[in-house]
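Q: As input, take my_file-v8.pdb (PDB, C-alpha atoms, pLDDT in the B column):
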```
ATOM      1  CA  LYS A  75     -24.888   0.462  24.620  1.00 75.00           C
ATOM      2  CA  LYS A  76     -22.467   2.200  26.990  1.00 78.00           C
ATOM      3  CA  THR A  77     -22.043   5.156  24.656  1.00 86.00           C
ATOM      4  CA  GLY A  78     -25.732   5.914  24.293  1.00 86.00           C
ATOM      5  CA  ILE A  79     -25.027   6.312  20.576  1.00 89.00           C
ATOM      6  CA  LYS A  80     -26.793   4.286  17.916  1.00 88.00           C
ATOM      7  CA  VAL A  81     -24.119   2.214  16.179  1.00 88.00           C
ATOM      8  CA  GLU A  82     -24.713   0.319  12.947  1.00 91.00           C
ATOM      9  CA  PHE A  83     -22.115  -2.242  11.894  1.00 91.00           C
ATOM     10  CA  ALA A  84     -21.178  -2.495   8.240  1.00 92.00           C
ATOM     11  CA  VAL A  85     -19.022  -5.073   6.465  1.00 88.00           C
ATOM     12  CA  ALA A  86     -17.512  -5.386   3.000  1.00 89.00           C
ATOM     13  CA  LYS A  87     -17.049  -8.507   0.894  1.00 85.00           C
ATOM     14  CA  ASP A  88     -13.244  -8.171   0.739  1.00 82.00           C
ATOM     15  CA  PHE A  89     -10.187  -5.992   1.448  1.00 79.00           C
ATOM     16  CA  LYS A  90     -10.467  -4.038  -1.787  1.00 84.00           C
ATOM     17  CA  VAL A  91     -14.089  -2.991  -1.371  1.00 91.00           C
ATOM     18  CA  TYR A  92     -13.493  -1.992   2.250  1.00 92.00           C
ATOM     19  CA  GLN A  93     -10.458   0.065   1.251  1.00 91.00           C
ATOM     20  CA  GLU A  94     -12.381   1.849  -1.502  1.00 94.00           C
ATOM     21  CA  ARG A  95     -15.191   2.739   0.893  1.00 96.00           C
ATOM     22  CA  MET A  96     -12.729   4.074   3.463  1.00 97.00           C
ATOM     23  CA  GLU A  97     -11.002   6.215   0.841  1.00 96.00           C
ATOM     24  CA  LYS A  98     -14.377   7.763   0.005  1.00 97.00           C
ATOM     25  CA  GLY A  99     -15.156   8.386   3.684  1.00 97.00           C
ATOM     26  CA  LYS A 100     -18.173   6.080   3.674  1.00 97.00           C
ATOM     27  CA  TYR A 101     -17.707   4.993   7.298  1.00 98.00           C
ATOM     28  CA  ASP A 102     -17.903   7.177  10.420  1.00 98.00           C
ATOM     29  CA  ILE A 103     -15.663   4.806  12.426  1.00 97.00           C
ATOM     30  CA  THR A 104     -13.313   2.233  10.937  1.00 97.00           C
ATOM     31  CA  PHE A 105     -11.398  -0.750  12.253  1.00 96.00           C
ATOM     32  CA  SER A 106      -8.686  -1.665   9.794  1.00 95.00           C
ATOM     33  CA  ASN A 107      -5.209  -2.907   9.223  1.00 94.00           C
ATOM     34  CA  PRO A 108      -2.429  -0.303   9.529  1.00 97.00           C
ATOM     35  CA  PHE A 109      -2.008   0.188   5.782  1.00 96.00           C
ATOM     36  CA  GLN A 110      -5.716   0.681   5.200  1.00 95.00           C
ATOM     37  CA  TYR A 111      -5.581   3.274   7.964  1.00 97.00           C
ATOM     38  CA  ILE A 112      -2.748   5.365   6.482  1.00 98.00           C
ATOM     39  CA  VAL A 113      -4.517   5.397   3.101  1.00 97.00           C
ATOM     40  CA  ALA A 114      -7.795   6.460   4.731  1.00 97.00           C
ATOM     41  CA  ARG A 115      -5.928   9.107   6.726  1.00 98.00           C
ATOM     42  CA  SER A 116      -4.365  10.532   3.572  1.00 98.00           C
ATOM     43  CA  LYS A 117      -7.435  10.364   1.319  1.00 97.00           C
ATOM     44  CA  ALA A 118     -10.335  10.984   3.689  1.00 98.00           C
ATOM     45  CA  GLY A 119      -8.869  12.466   6.880  1.00 98.00           C
ATOM     46  CA  TYR A 120      -9.489   9.592   9.298  1.00 98.00           C
ATOM     47  CA  THR A 121      -7.639   9.761  12.640  1.00 98.00           C
ATOM     48  CA  ALA A 122      -6.632   6.802  14.815  1.00 98.00           C
ATOM     49  CA  PHE A 123      -7.932   6.961  18.386  1.00 98.00           C
ATOM     50  CA  ALA A 124      -7.783   3.389  19.738  1.00 98.00           C
ATOM     51  CA  LYS A 125      -6.161   0.072  18.882  1.00 97.00           C
ATOM     52  CA  VAL A 126      -6.003  -3.561  19.941  1.00 95.00           C
ATOM     53  CA  ALA A 127      -4.052  -3.991  23.203  1.00 95.00           C
ATOM     54  CA  ASP A 128      -1.894  -6.755  24.684  1.00 92.00           C
ATOM     55  CA  GLU A 129      -1.453  -8.562  21.389  1.00 91.00           C
ATOM     56  CA  PRO A 130       1.488  -8.089  19.013  1.00 93.00           C
ATOM     57  CA  PHE A 131       0.520  -7.337  15.401  1.00 96.00           C
ATOM     58  CA  THR A 132       2.549  -9.934  13.551  1.00 98.00           C
ATOM     59  CA  GLY A 133       2.361 -11.970  10.380  1.00 98.00           C
ATOM     60  CA  ILE A 134       2.719 -15.734  10.419  1.00 98.00           C
ATOM     61  CA  ILE A 135       3.546 -18.349   7.792  1.00 98.00           C
ATOM     62  CA  LEU A 136       1.570 -21.566   7.967  1.00 98.00           C
ATOM     63  CA  VAL A 137       2.024 -24.961   6.326  1.00 98.00           C
ATOM     64  CA  ARG A 138       0.255 -28.268   6.716  1.00 98.00           C
ATOM     65  CA  ARG A 139       1.584 -30.379   9.558  1.00 98.00           C
ATOM     66  CA  ASP A 140       2.256 -33.215   7.106  1.00 98.00           C
ATOM     67  CA  SER A 141       4.045 -30.923   4.631  1.00 98.00           C
ATOM     68  CA  GLU A 142       7.616 -31.486   3.452  1.00 97.00           C
ATOM     69  CA  ILE A 143       8.198 -27.824   4.406  1.00 98.00           C
ATOM     70  CA  LYS A 144       9.700 -27.838   7.890  1.00 96.00           C
ATOM     71  CA  ARG A 145      11.503 -24.491   8.014  1.00 96.00           C
ATOM     72  CA  ILE A 146      11.357 -21.133   6.263  1.00 97.00           C
ATOM     73  CA  GLU A 147      14.228 -21.982   3.918  1.00 96.00           C
ATOM     74  CA  ASP A 148      12.111 -24.814   2.474  1.00 97.00           C
ATOM     75  CA  ILE A 149       9.447 -22.503   1.009  1.00 97.00           C
ATOM     76  CA  LYS A 150      11.498 -21.396  -2.013  1.00 97.00           C
ATOM     77  CA  GLY A 151       9.733 -22.336  -5.222  1.00 97.00           C
ATOM     78  CA  LYS A 152       6.471 -23.075  -3.417  1.00 98.00           C
ATOM     79  CA  ILE A 153       2.969 -21.634  -3.800  1.00 98.00           C
ATOM     80  CA  ILE A 154       2.036 -19.276  -0.957  1.00 98.00           C
ATOM     81  CA  ALA A 155      -1.459 -17.846  -0.408  1.00 98.00           C
ATOM     82  CA  PHE A 156      -2.266 -14.387   0.933  1.00 97.00           C
ATOM     83  CA  ALA A 157      -5.460 -12.391   1.257  1.00 94.00           C
ATOM     84  CA  TYR A 158      -4.243  -9.420  -0.779  1.00 93.00           C
ATOM     85  CA  PRO A 159      -0.880  -7.797  -1.681  1.00 95.00           C
ATOM     86  CA  THR A 160      -1.353  -5.051   0.948  1.00 94.00           C
ATOM     87  CA  ALA A 161      -2.737  -7.277   3.728  1.00 94.00           C
ATOM     88  CA  TRP A 162      -0.301  -5.704   6.142  1.00 96.00           C
ATOM     89  CA  ALA A 163       0.817  -8.304   8.660  1.00 97.00           C
ATOM     90  CA  ALA A 164       0.126 -11.368   6.533  1.00 97.00           C
ATOM     91  CA  ALA A 165       1.537 -10.242   3.172  1.00 97.00           C
ATOM     92  CA  VAL A 166       3.670  -7.153   3.788  1.00 98.00           C
ATOM     93  CA  GLN A 167       5.364  -7.733   7.131  1.00 98.00           C
ATOM     94  CA  THR A 168       6.087 -11.320   6.053  1.00 98.00           C
ATOM     95  CA  ARG A 169       7.476 -10.017   2.757  1.00 98.00           C
ATOM     96  CA  LYS A 170       9.872  -7.625   4.511  1.00 98.00           C
ATOM     97  CA  TRP A 171      10.877 -10.227   7.120  1.00 98.00           C
ATOM     98  CA  LEU A 172      11.627 -12.887   4.484  1.00 98.00           C
ATOM     99  CA  GLU A 173      13.728 -10.405   2.505  1.00 97.00           C
ATOM    100  CA  ASP A 174      15.684  -9.098   5.486  1.00 98.00           C
ATOM    101  CA  LYS A 175      16.249 -12.323   7.406  1.00 97.00           C
ATOM    102  CA  TYR A 176      16.319 -15.013   4.715  1.00 97.00           C
ATOM    103  CA  ASN A 177      16.996 -13.154   1.446  1.00 98.00           C
ATOM    104  CA  ILE A 178      13.777 -14.637   0.080  1.00 98.00           C
ATOM    105  CA  ASP A 179      11.692 -12.458  -2.227  1.00 97.00           C
ATOM    106  CA  TYR A 180       8.367 -14.149  -2.580  1.00 92.00           C
ATOM    107  CA  TYR A 181       7.739 -12.545  -5.956  1.00 96.00           C
ATOM    108  CA  ARG A 182      11.107 -13.794  -7.229  1.00 97.00           C
ATOM    109  CA  ASP A 183      11.564 -17.023  -5.285  1.00 98.00           C
ATOM    110  CA  MET A 184       7.991 -18.213  -4.723  1.00 97.00           C
ATOM    111  CA  LYS A 185       4.585 -18.291  -6.408  1.00 97.00           C
ATOM    112  CA  PRO A 186       2.216 -15.987  -4.476  1.00 97.00           C
ATOM    113  CA  ILE A 187      -1.538 -16.182  -5.007  1.00 98.00           C
ATOM    114  CA  PHE A 188      -4.137 -13.778  -3.576  1.00 97.00           C
ATOM    115  CA  VAL A 189      -7.444 -15.153  -2.341  1.00 95.00           C
ATOM    116  CA  THR A 190      -9.294 -12.081  -0.868  1.00 90.00           C
ATOM    117  CA  SER A 191      -9.296 -12.941   2.876  1.00 92.00           C
ATOM    118  CA  HIS A 192      -7.126 -14.381   5.660  1.00 94.00           C
ATOM    119  CA  ASP A 193      -9.599 -17.208   6.211  1.00 95.00           C
ATOM    120  CA  SER A 194      -9.398 -18.113   2.529  1.00 96.00           C
ATOM    121  CA  ALA A 195      -5.599 -18.096   2.644  1.00 98.00           C
ATOM    122  CA  ILE A 196      -5.598 -20.450   5.617  1.00 98.00           C
ATOM    123  CA  LEU A 197      -8.174 -22.728   4.004  1.00 98.00           C
ATOM    124  CA  THR A 198      -6.201 -22.738   0.748  1.00 98.00           C
ATOM    125  CA  VAL A 199      -3.174 -24.317   2.414  1.00 98.00           C
ATOM    126  CA  TYR A 200      -5.396 -26.553   4.550  1.00 98.00           C
ATOM    127  CA  SER A 201      -7.043 -27.929   1.400  1.00 98.00           C
ATOM    128  CA  ARG A 202      -3.627 -28.431  -0.283  1.00 98.00           C
ATOM    129  CA  MET A 203      -4.301 -25.810  -2.975  1.00 98.00           C
ATOM    130  CA  ALA A 204      -1.172 -23.958  -1.791  1.00 98.00           C
ATOM    131  CA  ASP A 205       1.986 -25.078  -0.011  1.00 98.00           C
ATOM    132  CA  ALA A 206       1.972 -22.257   2.544  1.00 98.00           C
ATOM    133  CA  ALA A 207      -0.067 -19.256   3.635  1.00 98.00           C
ATOM    134  CA  GLY A 208       0.637 -15.852   5.102  1.00 98.00           C
ATOM    135  CA  ALA A 209      -1.896 -14.962   7.802  1.00 97.00           C
ATOM    136  CA  ILE A 210      -2.307 -13.291  11.173  1.00 96.00           C
ATOM    137  CA  PRO A 211      -2.428 -15.120  14.521  1.00 95.00           C
ATOM    138  CA  HIS A 212      -5.920 -13.889  15.413  1.00 92.00           C
ATOM    139  CA  GLU A 213      -7.457 -15.414  12.295  1.00 94.00           C
ATOM    140  CA  PHE A 214      -5.543 -18.667  12.701  1.00 97.00           C
ATOM    141  CA  TYR A 215      -6.471 -19.173  16.351  1.00 93.00           C
ATOM    142  CA  THR A 216     -10.154 -18.513  15.689  1.00 92.00           C
ATOM    143  CA  MET A 217     -10.368 -21.209  12.990  1.00 95.00           C
ATOM    144  CA  ASP A 218     -12.070 -24.509  13.805  1.00 97.00           C
ATOM    145  CA  GLU A 219      -9.912 -26.782  15.930  1.00 97.00           C
ATOM    146  CA  HIS A 220      -9.696 -29.537  13.326  1.00 97.00           C
ATOM    147  CA  ILE A 221      -8.235 -27.031  10.845  1.00 98.00           C
ATOM    148  CA  ARG A 222      -5.738 -25.632  13.353  1.00 98.00           C
ATOM    149  CA  ASN A 223      -4.616 -29.123  14.294  1.00 98.00           C
ATOM    150  CA  ASP A 224      -3.609 -29.894  10.701  1.00 98.00           C
ATOM    151  CA  LEU A 225      -1.526 -26.719  10.325  1.00 98.00           C
ATOM    152  CA  VAL A 226       1.672 -25.465  11.914  1.00 98.00           C
ATOM    153  CA  ILE A 227       3.312 -22.025  12.156  1.00 98.00           C
ATOM    154  CA  ILE A 228       6.869 -22.111  10.807  1.00 98.00           C
ATOM    155  CA  GLY A 229       7.640 -18.410  11.120  1.00 98.00           C
ATOM    156  CA  GLU A 230       6.429 -15.184  12.714  1.00 98.00           C
ATOM    157  CA  THR A 231       7.458 -11.596  11.973  1.00 98.00           C
ATOM    158  CA  PRO A 232       8.469  -8.833  14.380  1.00 97.00           C
ATOM    159  CA  PRO A 233       5.463  -6.700  15.427  1.00 96.00           C
ATOM    160  CA  HIS A 234       4.119  -3.502  13.877  1.00 96.00           C
ATOM    161  CA  PRO A 235       1.557  -1.094  15.401  1.00 96.00           C
ATOM    162  CA  GLN A 236      -1.747  -2.835  16.032  1.00 97.00           C
ATOM    163  CA  MET A 237      -4.969  -2.470  14.056  1.00 96.00           C
ATOM    164  CA  PRO A 238      -6.538   0.913  14.840  1.00 98.00           C
ATOM    165  CA  PHE A 239     -10.001   2.322  15.204  1.00 98.00           C
ATOM    166  CA  ALA A 240     -10.210   5.678  13.407  1.00 98.00           C
ATOM    167  CA  TYR A 241     -12.843   8.378  13.064  1.00 98.00           C
ATOM    168  CA  HIS A 242     -13.890  10.483  10.090  1.00 98.00           C
ATOM    169  CA  PRO A 243     -13.653  14.299  10.465  1.00 98.00           C
ATOM    170  CA  ARG A 244     -17.462  14.598  10.431  1.00 98.00           C
ATOM    171  CA  VAL A 245     -17.730  12.663  13.721  1.00 97.00           C
ATOM    172  CA  SER A 246     -17.890  14.900  16.806  1.00 97.00           C
ATOM    173  CA  GLN A 247     -15.124  14.729  19.398  1.00 97.00           C
ATOM    174  CA  PHE A 248     -17.826  14.066  21.993  1.00 95.00           C
ATOM    175  CA  ALA A 249     -18.902  10.890  20.148  1.00 95.00           C
ATOM    176  CA  VAL A 250     -15.285   9.799  19.578  1.00 97.00           C
ATOM    177  CA  LEU A 251     -14.507  10.169  23.293  1.00 96.00           C
ATOM    178  CA  LYS A 252     -17.570   8.140  24.288  1.00 95.00           C
ATOM    179  CA  ILE A 253     -16.669   5.331  21.891  1.00 95.00           C
ATOM    180  CA  LYS A 254     -13.012   5.407  22.932  1.00 96.00           C
ATOM    181  CA  ASN A 255     -13.912   5.223  26.633  1.00 95.00           C
ATOM    182  CA  ALA A 256     -16.344   2.373  25.990  1.00 93.00           C
ATOM    183  CA  LEU A 257     -13.664   0.381  24.152  1.00 94.00           C
ATOM    184  CA  MET A 258     -10.990   1.010  26.740  1.00 94.00           C
ATOM    185  CA  SER A 259     -13.315   0.160  29.612  1.00 93.00           C
ATOM    186  CA  LEU A 260     -13.727  -3.414  28.371  1.00 93.00           C
ATOM    187  CA  ASP A 261     -11.919  -5.582  30.886  1.00 90.00           C
ATOM    188  CA  LYS A 262     -11.841  -9.343  31.291  1.00 88.00           C
ATOM    189  CA  SER A 263     -12.062  -8.901  35.065  1.00 88.00           C
ATOM    190  CA  THR A 264     -15.747  -7.993  34.676  1.00 89.00           C
ATOM    191  CA  THR A 265     -18.458 -10.392  33.497  1.00 89.00           C
ATOM    192  CA  GLU A 266     -19.643  -8.058  30.746  1.00 88.00           C
ATOM    193  CA  GLY A 267     -16.132  -7.149  29.590  1.00 89.00           C
ATOM    194  CA  LYS A 268     -15.032 -10.775  29.519  1.00 91.00           C
ATOM    195  CA  LYS A 269     -18.082 -11.777  27.469  1.00 91.00           C
ATOM    196  CA  VAL A 270     -17.514  -9.064  24.850  1.00 90.00           C
ATOM    197  CA  LEU A 271     -13.747  -9.526  24.561  1.00 92.00           C
ATOM    198  CA  GLU A 272     -13.963 -13.305  24.325  1.00 89.00           C
ATOM    199  CA  ALA A 273     -16.583 -12.984  21.589  1.00 87.00           C
ATOM    200  CA  LEU A 274     -14.185 -10.680  19.713  1.00 87.00           C
ATOM    201  CA  GLY A 275     -11.161 -12.859  20.430  1.00 85.00           C
ATOM    202  CA  ARG A 276      -9.337  -9.851  21.905  1.00 90.00           C
ATOM    203  CA  ASN A 277      -7.656  -8.987  25.211  1.00 91.00           C
ATOM    204  CA  GLY A 278      -8.648  -5.331  25.275  1.00 94.00           C
ATOM    205  CA  PHE A 279      -8.128  -1.936  23.648  1.00 96.00           C
ATOM    206  CA  GLU A 280      -5.912   1.072  24.310  1.00 97.00           C
ATOM    207  CA  ALA A 281      -5.301   4.588  22.990  1.00 97.00           C
ATOM    208  CA  ALA A 282      -3.649   5.016  19.575  1.00 98.00           C
ATOM    209  CA  ASP A 283      -1.764   7.904  18.002  1.00 97.00           C
ATOM    210  CA  ASP A 284      -1.314   8.598  14.290  1.00 98.00           C
ATOM    211  CA  ARG A 285       2.480   8.965  14.656  1.00 98.00           C
ATOM    212  CA  GLU A 286       2.779   5.275  15.600  1.00 97.00           C
ATOM    213  CA  TYR A 287       1.935   4.439  11.984  1.00 98.00           C
ATOM    214  CA  ASP A 288       4.900   6.271  10.450  1.00 98.00           C
ATOM    215  CA  VAL A 289       6.733   2.923  10.285  1.00 97.00           C
ATOM    216  CA  VAL A 290       3.913   1.684   8.063  1.00 98.00           C
ATOM    217  CA  ARG A 291       4.206   4.753   5.823  1.00 98.00           C
ATOM    218  CA  ARG A 292       7.950   4.208   5.401  1.00 98.00           C
ATOM    219  CA  LEU A 293       7.549   0.571   4.379  1.00 98.00           C
ATOM    220  CA  ALA A 294       4.685   1.415   2.021  1.00 98.00           C
ATOM    221  CA  ASP A 295       6.922   4.037   0.399  1.00 98.00           C
ATOM    222  CA  GLU A 296       9.649   1.405  -0.062  1.00 97.00           C
ATOM    223  CA  TYR A 297       7.266  -0.968  -1.847  1.00 98.00           C
ATOM    224  CA  SER A 298       5.618   1.767  -3.926  1.00 98.00           C
ATOM    225  CA  LYS A 299       8.737   2.516  -5.982  1.00 97.00           C
ATOM    226  CA  ASP A 300       8.554   2.034  -9.732  1.00 96.00           C
ATOM    227  CA  GLY A 301       9.359  -1.531 -10.721  1.00 95.00           C
ATOM    228  CA  MET A 302       8.212  -3.058  -7.435  1.00 96.00           C
ATOM    229  CA  PRO A 303       5.439  -5.697  -7.665  1.00 96.00           C
ATOM    230  CA  TYR A 304       2.017  -4.094  -7.116  1.00 96.00           C
ATOM    231  CA  ALA A 305       3.757  -0.735  -6.596  1.00 97.00           C
ATOM    232  CA  GLN A 306       0.567   1.196  -7.340  1.00 96.00           C
ATOM    233  CA  GLU A 307      -1.273  -0.625  -4.557  1.00 94.00           C
ATOM    234  CA  PHE A 308       1.179   0.789  -1.988  1.00 97.00           C
ATOM    235  CA  ARG A 309       0.844   4.442  -3.040  1.00 96.00           C
ATOM    236  CA  TRP A 310      -1.049   5.733  -0.062  1.00 96.00           C
ATOM    237  CA  ARG A 311      -0.788   9.501  -0.564  1.00 93.00           C
TER     238      ARG A 311
END
```
How does this structure look as structure tokens?

A:
Amino acid sequence: KKTGIKVEFAVAKDFKVYQERMEKGKYDITFSNPFQYIVARSKAGYTAFAKVADEPFTGIILVRRDSEIKRIEDIKGKIIAFAYPTAWAAAVQTRKWLEDKYNIDYYRDMKPIFVTSHDSAILTVYSRMADAAGAIPHEFYTMDEHIRNDLVIIGETPPHPQMPFAYHPRVSQFAVLKIKNALMSLDKSTTEGKKVLEALGRNGFEAADDREYDVVRRLADEYSKDGMPYAQEFRWR
């Protein structure tokens, strides 16, 4: 409304379909995880211009509160659910963190399953179909209270750059600036801003720069080497 531009929202059924559409430049503006962004940047020329503010982009590992798993070291040999192999915070940042801090490779030491969305991963452990789940805080804290109450976070990764908004080259700089300003003007100190941000479950938005996502490119390169599990999925160029 603030931009004066007609905006139509589009969704995809899962990570893979959304990624494929981004790679083909189907969307004018995208909101994606960092890995989806670097692929879309490489294949279709998207450029980051804004991102989520005041919220670290981390992955978390969840178990049921009544589980025998009480600490990260207890998850060896267990079934862990993720949305998708390249779900950045939930499946990739957790993968790197487990390797670096605990010498746990979840392809070697655990039994990962992929269930298409963060909500599904959380519900899989909630319903006892997996022992643990990799997810992101935002998705966990927006689940129904009775689900949250039965689950507990046993680990959280260091942060990576937050989820960006990006524009396709066909979008005018005038339109990008209007959308960017509208996003960044949302403030919880105003009635309208508070209403929108609370509905989104966000604290606000700030400017983003493509160079912030070089850390994502480096980790994707590490996991794209021949012999790595799902190596092809990480080849973003």

Q: Please indicate the distance in Å from atom CA of A:Ala240 to atom CA of A:Thr264, rounded to one decimal place.

A: 25.9 Å

Q: Which residue gives the smallest distance to A:Phe123 among A:Thr168, A:Thr104, A:Thr216, A:Thr231, with all atoms listed in the file counted?

A: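 Smallest separation from A:Phe123 among the options: A:Thr104.
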
Q: Take the PyMOL selection byres ((chain A and resi 180) around 10), apply it to the structure above, and return the hits as a count of residues only.

A: 21

Q: Which of these residues is nearest to A:Asp148, using all atoms listed in the file: A:Glu307, A:Glu129, A:Asp102, A:Asp205?

A: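 Looking only at the distances to A:Asp148, the closest residue turns out to be A:Asp205.
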
Q: Do a neighbour search on A:Ser201 at 12 Å with all atoms listed in the file, toss out local chain neighbours closer than 5 positions, and write the hits as a ChimeraX atom specification.

A: /A:137-138,141,155,194-196,206-207,221,224-225

Q: Kindly indicate which residue among A:Ala161, A:Ser263, A:Ser106, A:Lys76 lies nearest to A:Tyr92, using only C-alpha atoms for the distances.

A: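 Looking at the shortest contact to A:Tyr92, the residue is A:Ser106.
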
Q: List the residues selected by the PyMOL selection byres ((chain A and resi 285-288) around 12) in the file shown, writing them as a PDB file with C-alpha atoms, in the coordinates of the input.

A:
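Resulting contents of part00.pdb:
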```pdb
ATOM      1  CA  ASN A 107      -5.209  -2.907   9.223  1.00 94.00           C
ATOM      2  CA  PRO A 108      -2.429  -0.303   9.529  1.00 97.00           C
ATOM      3  CA  PHE A 109      -2.008   0.188   5.782  1.00 96.00           C
ATOM      4  CA  GLN A 110      -5.716   0.681   5.200  1.00 95.00           C
ATOM      5  CA  TYR A 111      -5.581   3.274   7.964  1.00 97.00           C
ATOM      6  CA  ILE A 112      -2.748   5.365   6.482  1.00 98.00           C
ATOM      7  CA  VAL A 113      -4.517   5.397   3.101  1.00 97.00           C
ATOM      8  CA  ARG A 115      -5.928   9.107   6.726  1.00 98.00           C
ATOM      9  CA  THR A 121      -7.639   9.761  12.640  1.00 98.00           C
ATOM     10  CA  ALA A 122      -6.632   6.802  14.815  1.00 98.00           C
ATOM     11  CA  PHE A 123      -7.932   6.961  18.386  1.00 98.00           C
ATOM     12  CA  ALA A 124      -7.783   3.389  19.738  1.00 98.00           C
ATOM     13  CA  LYS A 125      -6.161   0.072  18.882  1.00 97.00           C
ATOM     14  CA  TRP A 162      -0.301  -5.704   6.142  1.00 96.00           C
ATOM     15  CA  HIS A 234       4.119  -3.502  13.877  1.00 96.00           C
ATOM     16  CA  PRO A 235       1.557  -1.094  15.401  1.00 96.00           C
ATOM     17  CA  GLN A 236      -1.747  -2.835  16.032  1.00 97.00           C
ATOM     18  CA  MET A 237      -4.969  -2.470  14.056  1.00 96.00           C
ATOM     19  CA  PRO A 238      -6.538   0.913  14.840  1.00 98.00           C
ATOM     20  CA  ALA A 281      -5.301   4.588  22.990  1.00 97.00           C
ATOM     21  CA  ALA A 282      -3.649   5.016  19.575  1.00 98.00           C
ATOM     22  CA  ASP A 283      -1.764   7.904  18.002  1.00 97.00           C
ATOM     23  CA  ASP A 284      -1.314   8.598  14.290  1.00 98.00           C
ATOM     24  CA  VAL A 289       6.733   2.923  10.285  1.00 97.00           C
ATOM     25  CA  VAL A 290       3.913   1.684   8.063  1.00 98.00           C
ATOM     26  CA  ARG A 291       4.206   4.753   5.823  1.00 98.00           C
ATOM     27  CA  ARG A 292       7.950   4.208   5.401  1.00 98.00           C
ATOM     28  CA  LEU A 293       7.549   0.571   4.379  1.00 98.00           C
ATOM     29  CA  ALA A 294       4.685   1.415   2.021  1.00 98.00           C
ATOM     30  CA  ASP A 295       6.922   4.037   0.399  1.00 98.00           C
TER      31      ASP A 295
END
```

Q: Any idea what's packed within 8 Å of stretch 77-86 of chain A, counting all atoms listed in the file, ignoring anything in its chain fewer than 4 positions away? Could you give it as JSON, numbers by chain?

A: {"A": [91, 92, 249, 252, 253, 256]}

Q: How big is the axis-aligned box, and where does its centre sit, when it encloses all atoms of stretch 240-244 of chain A listed in the file and has 5 Å added on every side, reported in Å to one decimal as lines of an AutoDock Vina configuration file?

A:
```
center_x = -13.8
center_y = 10.1
center_z = 11.7
size_x = 17.3
size_y = 18.9
size_z = 13.3
```

Q: Which value, in Å to one decimal, gives the distance between atom CA of A:Gly278 and atom CA of A:His212?

A: 13.3 Å

Q: Could you tell me how far atom CA of A:Thr160 sits from atom CA of A:Tyr304, in Å to one decimal place?

A: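 Straight-line distance from atom CA of A:Tyr304 to atom CA of A:Thr160 works out to 8.8 Å.
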
Q: Do a neighbour search on A:Leu260 at 8 Å with all atoms listed in the file, toss out local chain neighbours closer than 5 positions, and write the hits as number ranges by chain.

A: A: 266-268, 270-271, 278-279

Q: Expanded to explicit residues, what is the PyMOL selection byres ((chain A and resi 189) around 8) for this file, as a PDB file with C-alpha atoms, keeping the file's coordinate frame?

A:
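Result saved to out.pdb:
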```pdb
ATOM      1  CA  ALA A 155      -1.459 -17.846  -0.408  1.00 98.00           C
ATOM      2  CA  PHE A 156      -2.266 -14.387   0.933  1.00 97.00           C
ATOM      3  CA  ALA A 157      -5.460 -12.391   1.257  1.00 94.00           C
ATOM      4  CA  TYR A 158      -4.243  -9.420  -0.779  1.00 93.00           C
ATOM      5  CA  ILE A 187      -1.538 -16.182  -5.007  1.00 98.00           C
ATOM      6  CA  PHE A 188      -4.137 -13.778  -3.576  1.00 97.00           C
ATOM      7  CA  THR A 190      -9.294 -12.081  -0.868  1.00 90.00           C
ATOM      8  CA  SER A 191      -9.296 -12.941   2.876  1.00 92.00           C
ATOM      9  CA  SER A 194      -9.398 -18.113   2.529  1.00 96.00           C
ATOM     10  CA  ALA A 195      -5.599 -18.096   2.644  1.00 98.00           C
TER      11      ALA A 195
END
```

Q: Would you mind listing what lies within 7 Å of A:Ala164 as a CSV table (one decimal) with C-alpha atoms, keeping the file's coordinate frame, with only C-alpha atoms counted and same-chain residues fewer than 4 positions away left out?

A:
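So selection06.csv came out as:
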```
chain,number,residue,atom,x,y,z
A,133,GLY,CA,2.4,-12.0,10.4
A,134,ILE,CA,2.7,-15.7,10.4
A,156,PHE,CA,-2.3,-14.4,0.9
A,168,THR,CA,6.1,-11.3,6.1
A,208,GLY,CA,0.6,-15.9,5.1
A,209,ALA,CA,-1.9,-15.0,7.8
A,210,ILE,CA,-2.3,-13.3,11.2
```

Q: Restricting the calculation to all atoms listed in the file: of A:Leu257, A:Ala204, A:Tyr297, A:Ala163, which residue gets closest to A:Pro130?

A: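 For A:Pro130, the nearest of the given residues is A:Ala163.
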
Q: Could you list, as a compact mmCIF listing (two decimals) with C-alpha atoms, in the coordinates of the input, every residue within 9 Å of A:Ile146, counting all atoms listed in the file and ignoring same-chain residues fewer than 6 positions away?

A:
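As written to disk, part.txt reads:
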```txt
# COMPACT_ATOMS: atom_id res chain seq x y z
CA ILE A 135 3.55 -18.35 7.79
CA LEU A 172 11.63 -12.89 4.48
CA TYR A 176 16.32 -15.01 4.72
CA ILE A 228 6.87 -22.11 10.81
CA GLY A 229 7.64 -18.41 11.12
```

Q: Would you mind telling me which residue in A:Trp171, A:Tyr215, A:Phe131, A:Tyr120 lies nearest to A:Pro243 when using all atoms listed in the file?

A: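 Answer, going by the shortest atom-to-atom distance: A:Tyr120.
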
Q: With all atoms listed in the file as the atoms that count, which of A:Ser259, A:Leu197, A:Arg145, A:His242 lies nearest to A:Glu97?

A: A:His242
